[in-house]
$ cat model.txt   # compact mmCIF, C-alpha atoms (C1' of nucleotides)
# COMPACT_ATOMS: atom_id res chain seq x y z
CA MET A 1 -16.14 -11.13 -12.31
CA ILE A 2 -18.37 -9.21 -14.63
CA LYS A 3 -16.54 -6.61 -16.63
CA GLN A 4 -18.62 -3.54 -17.44
CA SER A 5 -17.12 -1.59 -20.23
CA LYS A 6 -17.72 1.72 -18.54
CA ASN A 7 -15.86 0.92 -15.37
CA LEU A 8 -12.83 3.00 -14.68
CA TYR A 9 -9.76 2.32 -12.58
CA LEU A 10 -8.21 4.59 -10.01
CA HIS A 11 -4.70 4.51 -8.66
CA ALA A 12 -3.68 6.54 -5.61
CA ASP A 13 -0.01 6.91 -4.81
CA GLY A 14 1.14 8.49 -1.55
CA ASP A 15 3.55 11.38 -2.14
CA SER A 16 6.89 10.77 -0.35
CA PHE A 17 4.75 8.62 1.86
CA PHE A 18 6.94 7.74 4.84
CA VAL A 19 8.23 11.28 5.09
CA ALA A 20 4.74 12.72 4.67
CA CYS A 21 3.49 10.52 7.52
CA GLU A 22 6.29 11.74 9.76
CA ILE A 23 5.50 15.36 8.92
CA SER A 24 1.81 14.79 9.59
CA VAL A 25 2.68 14.18 13.24
CA HIS A 26 5.66 16.59 13.33
CA PRO A 27 4.40 19.65 11.42
CA GLU A 28 7.48 21.58 12.51
CA LEU A 29 9.46 19.57 9.94
CA LYS A 30 7.38 20.89 7.06
CA GLY A 31 9.50 22.65 4.44
CA LEU A 32 12.75 21.03 5.62
CA PRO A 33 14.83 18.45 3.77
CA VAL A 34 13.76 15.27 5.55
CA ILE A 35 14.51 11.64 4.84
CA VAL A 36 13.42 8.35 6.38
CA GLY A 37 15.81 5.41 6.51
CA GLY A 38 18.22 6.29 9.29
CA ASP A 39 17.78 2.86 10.84
CA ARG A 40 18.54 1.05 7.58
CA GLY A 41 21.60 2.87 6.42
CA ILE A 42 20.09 4.20 3.20
CA ALA A 43 17.51 6.82 2.24
CA VAL A 44 14.18 5.09 1.67
CA ALA A 45 11.94 8.17 1.32
CA MET A 46 12.78 11.82 0.78
CA SER A 47 10.84 15.07 1.10
CA SER A 48 10.77 17.22 -2.02
CA GLU A 49 13.25 19.55 -0.34
CA ALA A 50 15.67 16.66 0.18
CA LYS A 51 15.18 15.55 -3.42
CA ALA A 52 15.92 19.08 -4.57
CA LEU A 53 19.26 18.96 -2.76
CA GLY A 54 20.16 15.84 -4.72
CA VAL A 55 19.36 13.06 -2.24
CA THR A 56 18.23 9.96 -4.13
CA ARG A 57 16.56 6.75 -3.09
CA GLY A 58 19.11 4.25 -1.86
CA MET A 59 21.78 6.81 -1.11
CA PRO A 60 23.83 5.72 1.93
CA ILE A 61 23.23 7.68 5.11
CA PHE A 62 26.91 8.35 5.75
CA GLN A 63 27.12 9.98 2.36
CA ILE A 64 24.06 12.13 2.99
CA LYS A 65 25.50 13.30 6.30
CA LYS A 66 28.71 14.28 4.59
CA LEU A 67 27.23 15.98 1.55
CA PHE A 68 24.08 17.48 3.09
CA PRO A 69 24.53 17.95 6.83
CA GLN A 70 21.32 19.99 6.98
CA VAL A 71 19.14 16.97 6.13
CA VAL A 72 16.90 15.71 8.93
CA ILE A 73 17.35 11.93 9.15
CA LEU A 74 14.53 9.88 10.67
CA SER A 75 14.01 6.20 11.45
CA HIS A 76 11.00 4.17 10.32
CA HIS A 77 7.76 4.16 12.30
CA PHE A 78 5.74 1.49 10.60
CA ASP A 79 2.90 1.60 13.09
CA LEU A 80 2.26 5.19 12.06
CA TYR A 81 2.37 4.37 8.34
CA HIS A 82 0.04 1.41 8.77
CA ASP A 83 -2.36 3.54 10.73
CA ILE A 84 -2.53 6.16 7.99
CA GLN A 85 -2.86 3.41 5.38
CA ARG A 86 -5.82 1.98 7.29
CA ARG A 87 -7.53 5.37 7.49
CA MET A 88 -6.93 5.94 3.78
CA HIS A 89 -8.59 2.60 3.17
CA GLU A 90 -11.60 3.71 5.19
CA ILE A 91 -11.92 6.93 3.23
CA LEU A 92 -11.76 5.13 -0.11
CA LEU A 93 -14.50 2.75 0.98
CA LYS A 94 -16.81 5.72 1.39
CA TYR A 95 -16.44 6.39 -2.34
CA PHE A 96 -15.94 2.96 -3.91
CA CYS A 97 -17.05 -0.63 -3.28
CA THR A 98 -13.98 -2.41 -4.59
CA ILE A 99 -10.53 -1.33 -3.49
CA GLU A 100 -7.15 -3.00 -3.40
CA GLU A 101 -4.29 -2.18 -1.08
CA TYR A 102 -1.42 -2.65 -3.45
CA SER A 103 1.31 -1.62 -1.04
CA ILE A 104 1.63 0.47 2.09
CA ASP A 105 1.37 3.70 0.08
CA GLU A 106 -0.60 2.72 -3.02
CA CYS A 107 -4.15 1.58 -3.71
CA PHE A 108 -6.34 0.79 -6.66
CA ALA A 109 -10.10 1.22 -6.83
CA LEU A 110 -12.71 0.07 -9.29
CA VAL A 111 -14.75 3.12 -10.23
CA GLU A 112 -18.24 2.15 -11.28
CA PRO A 113 -20.52 4.40 -13.36
CA SER A 114 -23.03 4.77 -10.52
CA GLU A 115 -20.31 6.03 -8.20
CA VAL A 116 -19.28 8.68 -10.70
CA LYS A 117 -22.87 9.69 -11.31
CA TYR A 118 -23.50 10.15 -7.58
CA PHE A 119 -20.85 12.87 -7.42
CA GLY A 120 -21.85 14.49 -10.69
CA GLY A 121 -18.77 13.59 -12.71
CA GLU A 122 -15.26 12.20 -12.43
CA LYS A 123 -13.61 15.51 -11.67
CA LYS A 124 -16.00 16.36 -8.85
CA LEU A 125 -15.62 12.93 -7.33
CA LEU A 126 -11.83 13.02 -7.30
CA THR A 127 -11.67 16.58 -6.06
CA ALA A 128 -13.89 15.67 -3.12
CA LEU A 129 -11.82 12.59 -2.41
CA LYS A 130 -8.52 14.46 -2.46
CA LYS A 131 -9.92 17.16 -0.20
CA GLU A 132 -11.10 14.64 2.35
CA ILE A 133 -7.76 12.80 2.34
CA GLU A 134 -5.79 15.95 2.88
CA GLU A 135 -8.02 17.33 5.61
CA THR A 136 -8.26 14.04 7.48
CA LEU A 137 -4.83 12.51 7.07
CA HIS A 138 -2.61 15.55 6.45
CA VAL A 139 -0.80 13.76 3.67
CA THR A 140 -1.35 13.95 -0.09
CA TYR A 141 -1.83 11.30 -2.75
CA SER A 142 -1.35 11.61 -6.50
CA ILE A 143 -4.30 10.14 -8.29
CA GLY A 144 -4.73 8.65 -11.74
CA LEU A 145 -8.01 7.65 -13.35
CA ALA A 146 -8.23 5.66 -16.59
CA LYS A 147 -9.77 2.79 -18.50
CA THR A 148 -7.38 0.16 -17.14
CA LYS A 149 -5.26 -0.49 -14.07
CA ALA A 150 -1.99 -0.06 -15.91
CA LEU A 151 -3.11 3.24 -17.44
CA ALA A 152 -4.27 4.52 -14.07
CA LYS A 153 -0.95 3.56 -12.55
CA GLN A 154 0.94 5.54 -15.21
CA ALA A 155 -1.48 8.45 -14.92
CA SER A 156 -0.86 8.91 -11.20
CA LYS A 157 2.85 9.37 -11.89
CA LEU A 158 2.42 12.17 -14.39
CA GLU A 159 1.81 15.09 -12.08
CA LYS A 160 3.43 14.09 -8.82
CA PRO A 161 3.20 15.35 -6.15
CA ASN A 162 -0.45 15.96 -5.33
CA GLY A 163 -1.42 15.23 -8.92
CA LEU A 164 -4.79 14.50 -10.45
CA VAL A 165 -4.66 13.02 -13.93
CA MET A 166 -7.69 11.68 -15.76
CA LEU A 167 -7.25 9.83 -19.03
CA LEU A 168 -10.80 9.79 -20.30
CA SER A 169 -10.37 10.29 -24.03
CA LYS A 170 -8.19 8.58 -26.61
CA GLU A 171 -6.29 11.85 -27.06
CA ASP A 172 -5.51 12.03 -23.34
CA GLU A 173 -4.23 8.47 -23.45
CA VAL A 174 -2.03 9.05 -26.46
CA LYS A 175 -0.54 12.15 -24.89
CA ALA A 176 0.19 10.30 -21.66
CA LEU A 177 1.67 7.31 -23.47
CA LYS A 178 3.97 9.49 -25.51
CA ALA A 179 5.12 11.25 -22.35
CA THR A 180 6.01 7.97 -20.63
CA LEU A 181 9.46 6.59 -21.38
CA ILE A 182 9.91 2.86 -21.60
CA ASP A 183 11.99 2.68 -18.42
CA ASN A 184 9.23 4.32 -16.43
CA ILE A 185 6.53 1.75 -17.09
CA TRP A 186 5.11 -0.45 -14.35
CA GLY A 187 6.14 -4.02 -15.17
CA ILE A 188 9.08 -3.21 -17.42
CA GLY A 189 12.34 -3.48 -15.57
CA ARG A 190 16.04 -3.14 -16.16
CA LYS A 191 16.41 -6.36 -18.13
CA THR A 192 13.58 -5.73 -20.56
CA VAL A 193 14.28 -2.08 -21.34
CA PRO A 194 17.35 -2.77 -23.53
CA ASP A 195 15.47 -5.49 -25.45
CA LEU A 196 12.65 -3.08 -26.21
CA ARG A 197 15.02 -0.28 -27.16
CA ARG A 198 16.69 -2.57 -29.64
CA LEU A 199 13.32 -2.89 -31.35
CA GLY A 200 13.11 0.87 -31.64
CA ILE A 201 10.59 1.22 -28.81
CA LYS A 202 11.29 4.38 -26.86
CA ASN A 203 8.07 5.22 -25.05
CA ALA A 204 4.78 3.65 -24.01
CA TYR A 205 3.14 4.81 -27.21
CA ASP A 206 5.68 2.90 -29.33
CA PHE A 207 5.18 -0.11 -27.09
CA VAL A 208 1.41 -0.14 -27.43
CA ASN A 209 1.65 0.16 -31.20
CA TYR A 210 4.27 -2.53 -31.69
CA PRO A 211 2.80 -5.67 -33.37
CA GLU A 212 1.19 -7.80 -30.68
CA LYS A 213 2.35 -11.03 -32.30
CA GLU A 214 5.96 -9.93 -32.03
CA ILE A 215 5.63 -9.04 -28.36
CA GLU A 216 4.06 -12.42 -27.73
CA LYS A 217 6.85 -14.20 -29.54
CA LYS A 218 9.76 -12.35 -28.00
CA PHE A 219 8.64 -11.73 -24.41
CA SER A 220 6.82 -13.35 -21.50
CA LYS A 221 3.12 -13.36 -20.84
CA PRO A 222 2.99 -10.44 -18.40
CA LEU A 223 4.42 -8.14 -21.03
CA LEU A 224 1.65 -8.97 -23.46
CA VAL A 225 -0.92 -8.28 -20.75
CA LEU A 226 0.78 -4.97 -20.10
CA GLN A 227 0.66 -4.03 -23.77
CA LYS A 228 -3.09 -4.64 -23.91
CA GLU A 229 -3.70 -2.80 -20.65
CA LEU A 230 -1.79 0.26 -21.81
CA GLY A 231 -3.72 0.05 -25.07
CA GLY A 232 -6.93 0.46 -23.10
CA GLU A 233 -8.10 -3.14 -22.84
CA PRO A 234 -8.83 -3.99 -19.20
CA ILE A 235 -7.38 -7.34 -18.18
CA LEU A 236 -6.08 -6.81 -14.66
CA GLU A 237 -8.76 -6.71 -12.00
CA VAL A 238 -8.87 -4.79 -8.75
CA GLU A 239 -8.24 -7.47 -6.18
CA SER A 240 -9.97 -6.64 -2.95
CA ASN A 241 -9.78 -8.52 0.34
CA ILE A 242 -6.06 -8.59 0.56
CA ASN A 243 -5.61 -10.71 3.63
CA PRO A 244 -2.25 -11.10 5.34
CA ARG A 245 -3.16 -14.73 5.87
CA ASP A 246 -3.08 -15.31 2.13
CA GLN A 247 0.60 -14.49 2.09
CA LYS A 248 2.75 -17.12 0.44
CA SER A 249 6.08 -16.41 2.08
CA ILE A 250 7.58 -14.37 4.88
CA GLN A 251 11.20 -13.47 5.17
CA SER A 252 13.61 -11.77 7.47
CA THR A 253 16.95 -10.52 6.23
CA SER A 254 19.71 -8.48 7.79
CA THR A 255 22.90 -6.79 6.77
CA PHE A 256 25.73 -6.40 9.20
CA HIS A 257 28.99 -4.62 9.17
CA PRO A 258 31.77 -5.28 9.05
CA ALA A 259 31.30 -8.25 6.73
CA SER A 260 32.54 -11.42 8.37
CA THR A 261 33.96 -14.85 7.59
CA ASP A 262 33.27 -16.15 11.11
CA PRO A 263 30.67 -18.94 10.95
CA LYS A 264 29.60 -18.21 14.52
CA ILE A 265 28.72 -14.61 13.77
CA ILE A 266 26.99 -15.55 10.55
CA TRP A 267 25.01 -18.35 12.17
CA ARG A 268 23.90 -15.97 14.89
CA GLU A 269 22.46 -13.65 12.25
CA ILE A 270 20.66 -16.53 10.59
CA SER A 271 19.35 -17.59 13.93
CA GLU A 272 17.96 -14.11 14.60
CA ASN A 273 16.39 -14.01 11.16
CA ALA A 274 14.74 -17.37 11.73
CA GLU A 275 13.30 -16.19 15.02
CA HIS A 276 12.09 -12.94 13.56
CA ALA A 277 10.46 -14.59 10.56
CA CYS A 278 8.80 -17.19 12.78
CA ARG A 279 7.49 -14.52 15.10
CA ASN A 280 5.87 -12.72 12.17
CA VAL A 281 4.43 -15.96 10.86
CA ARG A 282 2.92 -16.77 14.25
CA LYS A 283 1.42 -13.29 14.51
CA ILE A 284 -0.90 -14.10 11.62
CA LYS A 285 -1.33 -17.73 12.68
CA LEU A 286 0.42 -19.39 9.78
CA VAL A 287 2.88 -22.28 9.56
CA SER A 288 5.46 -23.31 6.97
CA ASN A 289 6.99 -26.56 5.76
CA LYS A 290 9.68 -25.21 3.47
CA VAL A 291 12.48 -22.89 4.49
CA SER A 292 15.25 -21.36 2.47
CA PHE A 293 18.19 -19.38 3.72
CA PHE A 294 20.93 -17.43 2.04
CA VAL A 295 24.16 -15.60 2.61
CA LYS A 296 25.31 -12.70 0.48
CA THR A 297 29.03 -12.02 0.08
CA SER A 298 30.63 -8.59 0.09
CA GLU A 299 30.73 -8.94 -3.71
CA PHE A 300 26.93 -9.29 -3.64
CA LYS A 301 26.96 -12.90 -4.68
CA TYR A 302 24.08 -14.99 -3.32
CA TYR A 303 24.37 -18.52 -2.02
CA ILE A 304 21.02 -20.03 -1.25
CA ASP A 305 19.79 -23.40 -0.05
CA GLU A 306 16.55 -24.77 1.28
CA VAL A 307 15.06 -27.57 3.33
CA LYS A 308 11.71 -29.23 3.21
CA LEU A 309 10.45 -29.84 6.73
CA THR A 310 8.73 -33.04 7.73
CA GLU A 311 5.97 -31.09 9.43
CA TYR A 312 4.42 -27.64 9.34
CA THR A 313 5.81 -25.35 11.99
CA ALA A 314 6.56 -21.81 13.09
CA ASP A 315 9.11 -22.90 15.64
CA PRO A 316 12.58 -21.44 15.09
CA GLY A 317 14.14 -24.36 16.99
CA VAL A 318 12.82 -26.89 14.51
CA ILE A 319 13.80 -24.70 11.60
CA LEU A 320 17.32 -24.00 12.79
CA ASP A 321 17.90 -27.70 13.47
CA ALA A 322 16.92 -28.40 9.90
CA LEU A 323 19.10 -25.64 8.45
CA GLU A 324 22.21 -26.32 10.47
CA PRO A 325 23.54 -29.33 8.51
CA LYS A 326 23.44 -27.26 5.34
CA PHE A 327 24.96 -24.17 6.84
CA LEU A 328 28.67 -24.88 6.49
CA LYS A 329 28.18 -26.02 2.91
CA LEU A 330 26.50 -22.73 2.22
CA LEU A 331 29.48 -20.74 3.41
CA ARG A 332 31.77 -22.31 0.77
CA ALA A 333 35.28 -21.00 0.50
CA LYS A 334 35.47 -18.65 3.46
CA LYS A 335 33.87 -15.80 1.61
CA ARG A 336 33.22 -12.60 3.51
CA ILE A 337 29.50 -12.40 4.22
CA ARG A 338 27.64 -9.08 4.46
CA SER A 339 24.06 -10.22 4.88
CA THR A 340 21.87 -13.22 5.54
CA GLY A 341 18.22 -14.10 5.29
CA VAL A 342 15.67 -16.74 6.14
CA ILE A 343 12.52 -17.21 4.08
CA LEU A 344 9.53 -19.32 5.13
CA HIS A 345 7.58 -20.68 2.16
CA ASN A 346 4.39 -22.67 1.58
CA LEU A 347 2.58 -20.79 4.31
CA ILE A 348 -0.78 -22.18 5.32
CA ARG A 349 -3.13 -21.50 8.20
CA GLU A 350 -2.55 -23.46 11.39
CA GLU A 351 -5.96 -25.04 11.13
CA GLU A 352 -5.25 -26.23 7.59
CA VAL A 353 -2.34 -28.43 8.66
CA PRO A 354 -3.05 -31.90 7.25
CA LEU A 355 -4.27 -34.37 9.85
CA ASP A 356 -2.38 -37.55 10.64
CA LEU A 357 -3.84 -41.05 10.52
CA PHE A 358 -5.47 -40.59 13.88
CA GLY A 359 -7.19 -37.39 12.90
CA ARG A 360 -4.96 -35.21 15.01
CA GLN A 361 -2.98 -32.27 13.81
CA LYS A 362 0.59 -33.39 13.75
CA LYS A 363 2.16 -32.60 17.08
CA LYS A 364 2.73 -28.93 16.71
CA LEU A 365 2.80 -28.52 20.44
CA SER A 366 5.67 -28.74 22.91
CA ASN A 367 8.18 -26.20 21.64
CA LEU A 368 5.61 -24.07 19.89
CA VAL A 369 3.76 -23.65 23.16
CA VAL A 370 6.93 -22.24 24.64
CA GLU A 371 7.33 -19.88 21.69
CA GLU A 372 3.76 -18.70 21.95
CA ALA A 373 4.22 -17.95 25.62
CA ALA A 374 7.32 -15.99 24.74
CA ASP A 375 5.37 -14.04 22.14
CA LYS A 376 2.96 -12.90 24.82
CA ILE A 377 5.81 -11.62 26.96
CA ARG A 378 7.31 -9.84 23.96
CA LYS A 379 3.99 -8.20 23.24
CA LYS A 380 3.97 -6.82 26.75
CA TYR A 381 7.61 -5.86 27.21
CA GLY A 382 8.98 -5.36 23.69
CA GLU A 383 10.36 -7.45 20.87
CA ASP A 384 13.90 -7.90 22.11
CA ILE A 385 13.18 -9.08 25.61
CA ILE A 386 13.48 -12.80 24.82
CA LYS A 387 15.80 -14.49 22.36
CA ARG A 388 17.24 -17.89 21.73
CA ALA A 389 20.71 -18.51 23.09
CA SER A 390 22.16 -18.82 19.57
CA SER A 391 20.90 -15.34 18.72
CA LEU A 392 22.45 -13.60 21.68
CA ARG A 393 25.21 -11.19 20.87
CA LYS A 394 28.27 -11.47 23.01
CA ARG A 395 29.19 -8.07 24.30
CA GLU A 396 32.83 -8.49 23.33
CA THR A 397 31.87 -9.25 19.76
CA LYS A 398 29.52 -6.35 19.51
CA ASN A 399 31.87 -3.80 20.96
CA LYS A 400 34.82 -4.83 18.90
CA LYS A 401 35.07 -2.56 15.92
C1' DT B 1 23.84 5.25 -7.28
C1' DC B 2 29.43 0.62 -3.73
C1' DT B 3 24.03 -0.78 -2.76
C1' DG B 4 18.24 -2.24 2.79
C1' DG B 5 14.29 -5.22 3.43
C1' DG B 6 10.03 -7.67 1.99
C1' DG B 7 7.27 -9.60 -1.46
C1' DT B 8 4.87 -12.04 -6.16
C1' DC B 9 4.66 -14.32 -10.47
C1' DC B 10 6.49 -16.73 -14.59
C1' DT B 11 9.19 -20.14 -17.06
C1' DA B 12 12.35 -23.78 -18.27
C1' DG B 13 13.65 -28.10 -17.30
C1' DG B 14 13.87 -32.37 -14.57
C1' DA B 15 11.36 -36.29 -12.35
C1' DC B 16 7.95 -39.32 -12.81
C1' DC B 17 4.00 -41.61 -14.89
C1' DC B 18 1.32 -43.92 -18.60
C1' DT C 1 13.18 -54.12 -24.58
C1' DC C 2 17.49 -48.49 -25.29
C1' DT C 3 12.92 -46.89 -27.70
C1' DG C 4 7.89 -42.73 -28.85
C1' DG C 5 4.97 -39.40 -27.36
C1' DG C 6 2.59 -36.90 -24.04
C1' DG C 7 0.94 -35.28 -19.51
C1' DT C 8 1.51 -33.46 -14.60
C1' DC C 9 4.01 -31.87 -10.77
C1' DC C 10 7.78 -29.62 -8.69
C1' DT C 11 11.68 -26.56 -8.20
C1' DA C 12 15.35 -23.13 -9.15
C1' DG C 13 16.09 -18.99 -10.64
C1' DG C 14 14.93 -14.85 -13.11
C1' DA C 15 12.45 -10.58 -13.35
C1' DC C 16 9.76 -7.41 -11.41
C1' DC C 17 7.45 -4.67 -7.72
C1' DC C 18 7.23 -1.47 -3.41
$ encode --input "model.txt" --output "structure tokens"
Amino acid sequence: MIKQSKNLYLHADGDSFFVACEISVHPELKGLPVIVGGDRGIAVAMSSEAKALGVTRGMPIFQIKKLFPQVVILSHHFDLYHDIQRRMHEILLKYFCTIEEYSIDECFALVEPSEVKYFGGEKKLLTALKKEIEETLHVTYSIGLAKTKALAKQASKLEKPNGLVMLLSKEDEVKALKATLIDNIWGIGRKTVPDLRRLGIKNAYDFVNYPEKEIEKKFSKPLLVLQKELGGEPILEVESNINPRDQKSIQSTSTFHPASTDPKIIWREISENAEHACRNVRKIKLVSNKVSFFVKTSEFKYYIDEVKLTEYTADPGVILDALEPKFLKLLRAKKRIRSTGVILHNLIREEEVPLDLFGRQKKKLSNLVVEEAADKIRKKYGEDIIKRASSLRKRETKNKK
DNA sequence: TCTGGGGTCCTAGGACCC
DNA sequence: TCTGGGGTCCTAGGACCC
């Protein structure tokens, strides 16, 4: 890719995105303390009113109900969020050629000089963009514009919600860097913060000005990249064409309560996870030849194992047969298990499956044909209509406390 | 923060080869 | 051959992200 020195980078970050999407279709909820996450047992997104009450991300629902009974608790509606994401994408493409969907509620865009010129300046461009988003989607995004991706990402955080922060001069950058604490930097997590603090680095400005050689010596490569990016040297590119079929792994995990030591119950959860993950893999026409699975104890200890399959597949039957011999070993000493997960790795497209000696794709058929037929029925009648026998919940088990 | 679900990338170290 | 050096590939696990 050619790097033009005058290119800028934009980051758009949806404000309380899931909640904002819900309010866009239920305007009567506007102004109320609203959270999304009811179906997962913790608050995943909060309206500003809910935040003001003291609800934080990850707070358990039972606790919210007890402390703040006035909070409106909603479940996820991913179809709605994806729809708004798609329309946001369309709007951005009217303004920029190169955009990247970074997550469901965040995007980057490469802002080329000609695009700025067309609107008569950065400020005019972004004001027009924000106006169109709000009027069309009825949600708001906080926007950052800067010389690099990492700077744009920090900029969008500075005036949330509904912010518009442009870091176009060195002075702007310095001010923003000084205002950004070390534990609020994209790419610096819990483990690295104490190491940096020990070196006397308190904010992004200190970080950028710390000797590069020392950072290189003491930390991993991504941190060095981050230092340069925050210093104004563009290294990270906007990666367009994010295609679900380029995904490298797909997982399905689930937590259940009460935690259990019963291998039958735990295996049933794993079985459901395997089916769910396979279904999602088939939806985008991929197959896997490496599967890992884990159990997590009530003390949050992970036990994980994996199997390499002899062929590429998206058939839960094949996968469960391969996992089963390792399952009891995984459970170890009768620990209480609170959650399980199945992860399909090495995903490739169905048509990329290596051919055998006779030039045929290895027999993917038989069972997979059955699964594909079942997928069609699910599409028509809903996800839970068909399940494998090992995933079926016995009523007695479910109704017991 | 008593704690959900879904991802990516990097690195150290072992296996294997010459 | 009990002994050097160097390269590649793979995997487990860590760290980070939303």
$ interface_residues --input "model.txt" --of "chain B" --to "chain A" --cutoff "7 Å" --atoms "all atoms listed in the file" --output "number ranges by chain"
B: 1, 4-6
$ atom_distance --input "model.txt" --atom1 "CA of Gly14 (chain A)" --atom2 "CA of Cys97 (chain A)"
20.4 Å
$ residues_around --input "model.txt" --residues "DA15 (chain C)" --least-positions-apart "4" --cutoff "10 Å" --atoms "only C-alpha atoms (C1' of nucleotides)" --output "PyMOL selection string"
(chain A and resi 187-192) or (chain B and resi 9-10)
$ atom_distance --input "model.txt" --atom1 "CA of Ala152 (chain A)" --atom2 "CA of Glu106 (chain A)"
11.8 Å
$ residues_around --input "model.txt" --residues "DG13 (chain C)" --least-positions-apart "5" --cutoff "12 Å" --atoms "only C-alpha atoms (C1' of nucleotides)" --output "MDAnalysis selection string"
(chainID A and resid 302:304) or (chainID B and resid 10:13)
$ atom_distance --input "model.txt" --atom1 "CA of Ile343 (chain A)" --atom2 "CA of Lys290 (chain A)"
8.5 Å
$ decode --input "model.txt" --residues "chain C" --atoms "C-alpha atoms (C1' of nucleotides)" --output "PDB file, in the first residue's frame"
ATOM      1  C1'  DT C   1      29.811 -40.990  17.001  1.00  0.00           C
ATOM      2  C1'  DC C   2      27.136 -37.899  22.842  1.00  0.00           C
ATOM      3  C1'  DT C   3      28.797 -33.714  19.846  1.00  0.00           C
ATOM      4  C1'  DG C   4      28.103 -27.834  16.861  1.00  0.00           C
ATOM      5  C1'  DG C   5      25.393 -24.640  14.803  1.00  0.00           C
ATOM      6  C1'  DG C   6      21.499 -23.117  12.475  1.00  0.00           C
ATOM      7  C1'  DG C   7      16.949 -23.142  10.188  1.00  0.00           C
ATOM      8  C1'  DT C   8      11.773 -24.061   9.893  1.00  0.00           C
ATOM      9  C1'  DC C   9       7.454 -25.469  11.581  1.00  0.00           C
ATOM     10  C1'  DC C  10       4.186 -26.102  15.111  1.00  0.00           C
ATOM     11  C1'  DT C  11       1.849 -25.437  19.459  1.00  0.00           C
ATOM     12  C1'  DA C  12       0.568 -23.748  24.108  1.00  0.00           C
ATOM     13  C1'  DG C  13      -0.348 -20.069  26.463  1.00  0.00           C
ATOM     14  C1'  DG C  14      -0.256 -15.191  27.370  1.00  0.00           C
ATOM     15  C1'  DA C  15      -2.008 -10.654  26.482  1.00  0.00           C
ATOM     16  C1'  DC C  16      -5.043  -7.876  24.458  1.00  0.00           C
ATOM     17  C1'  DC C  17      -9.389  -6.357  22.154  1.00  0.00           C
ATOM     18  C1'  DC C  18     -14.689  -5.585  21.724  1.00  0.00           C
TER      19       DC C  18
END
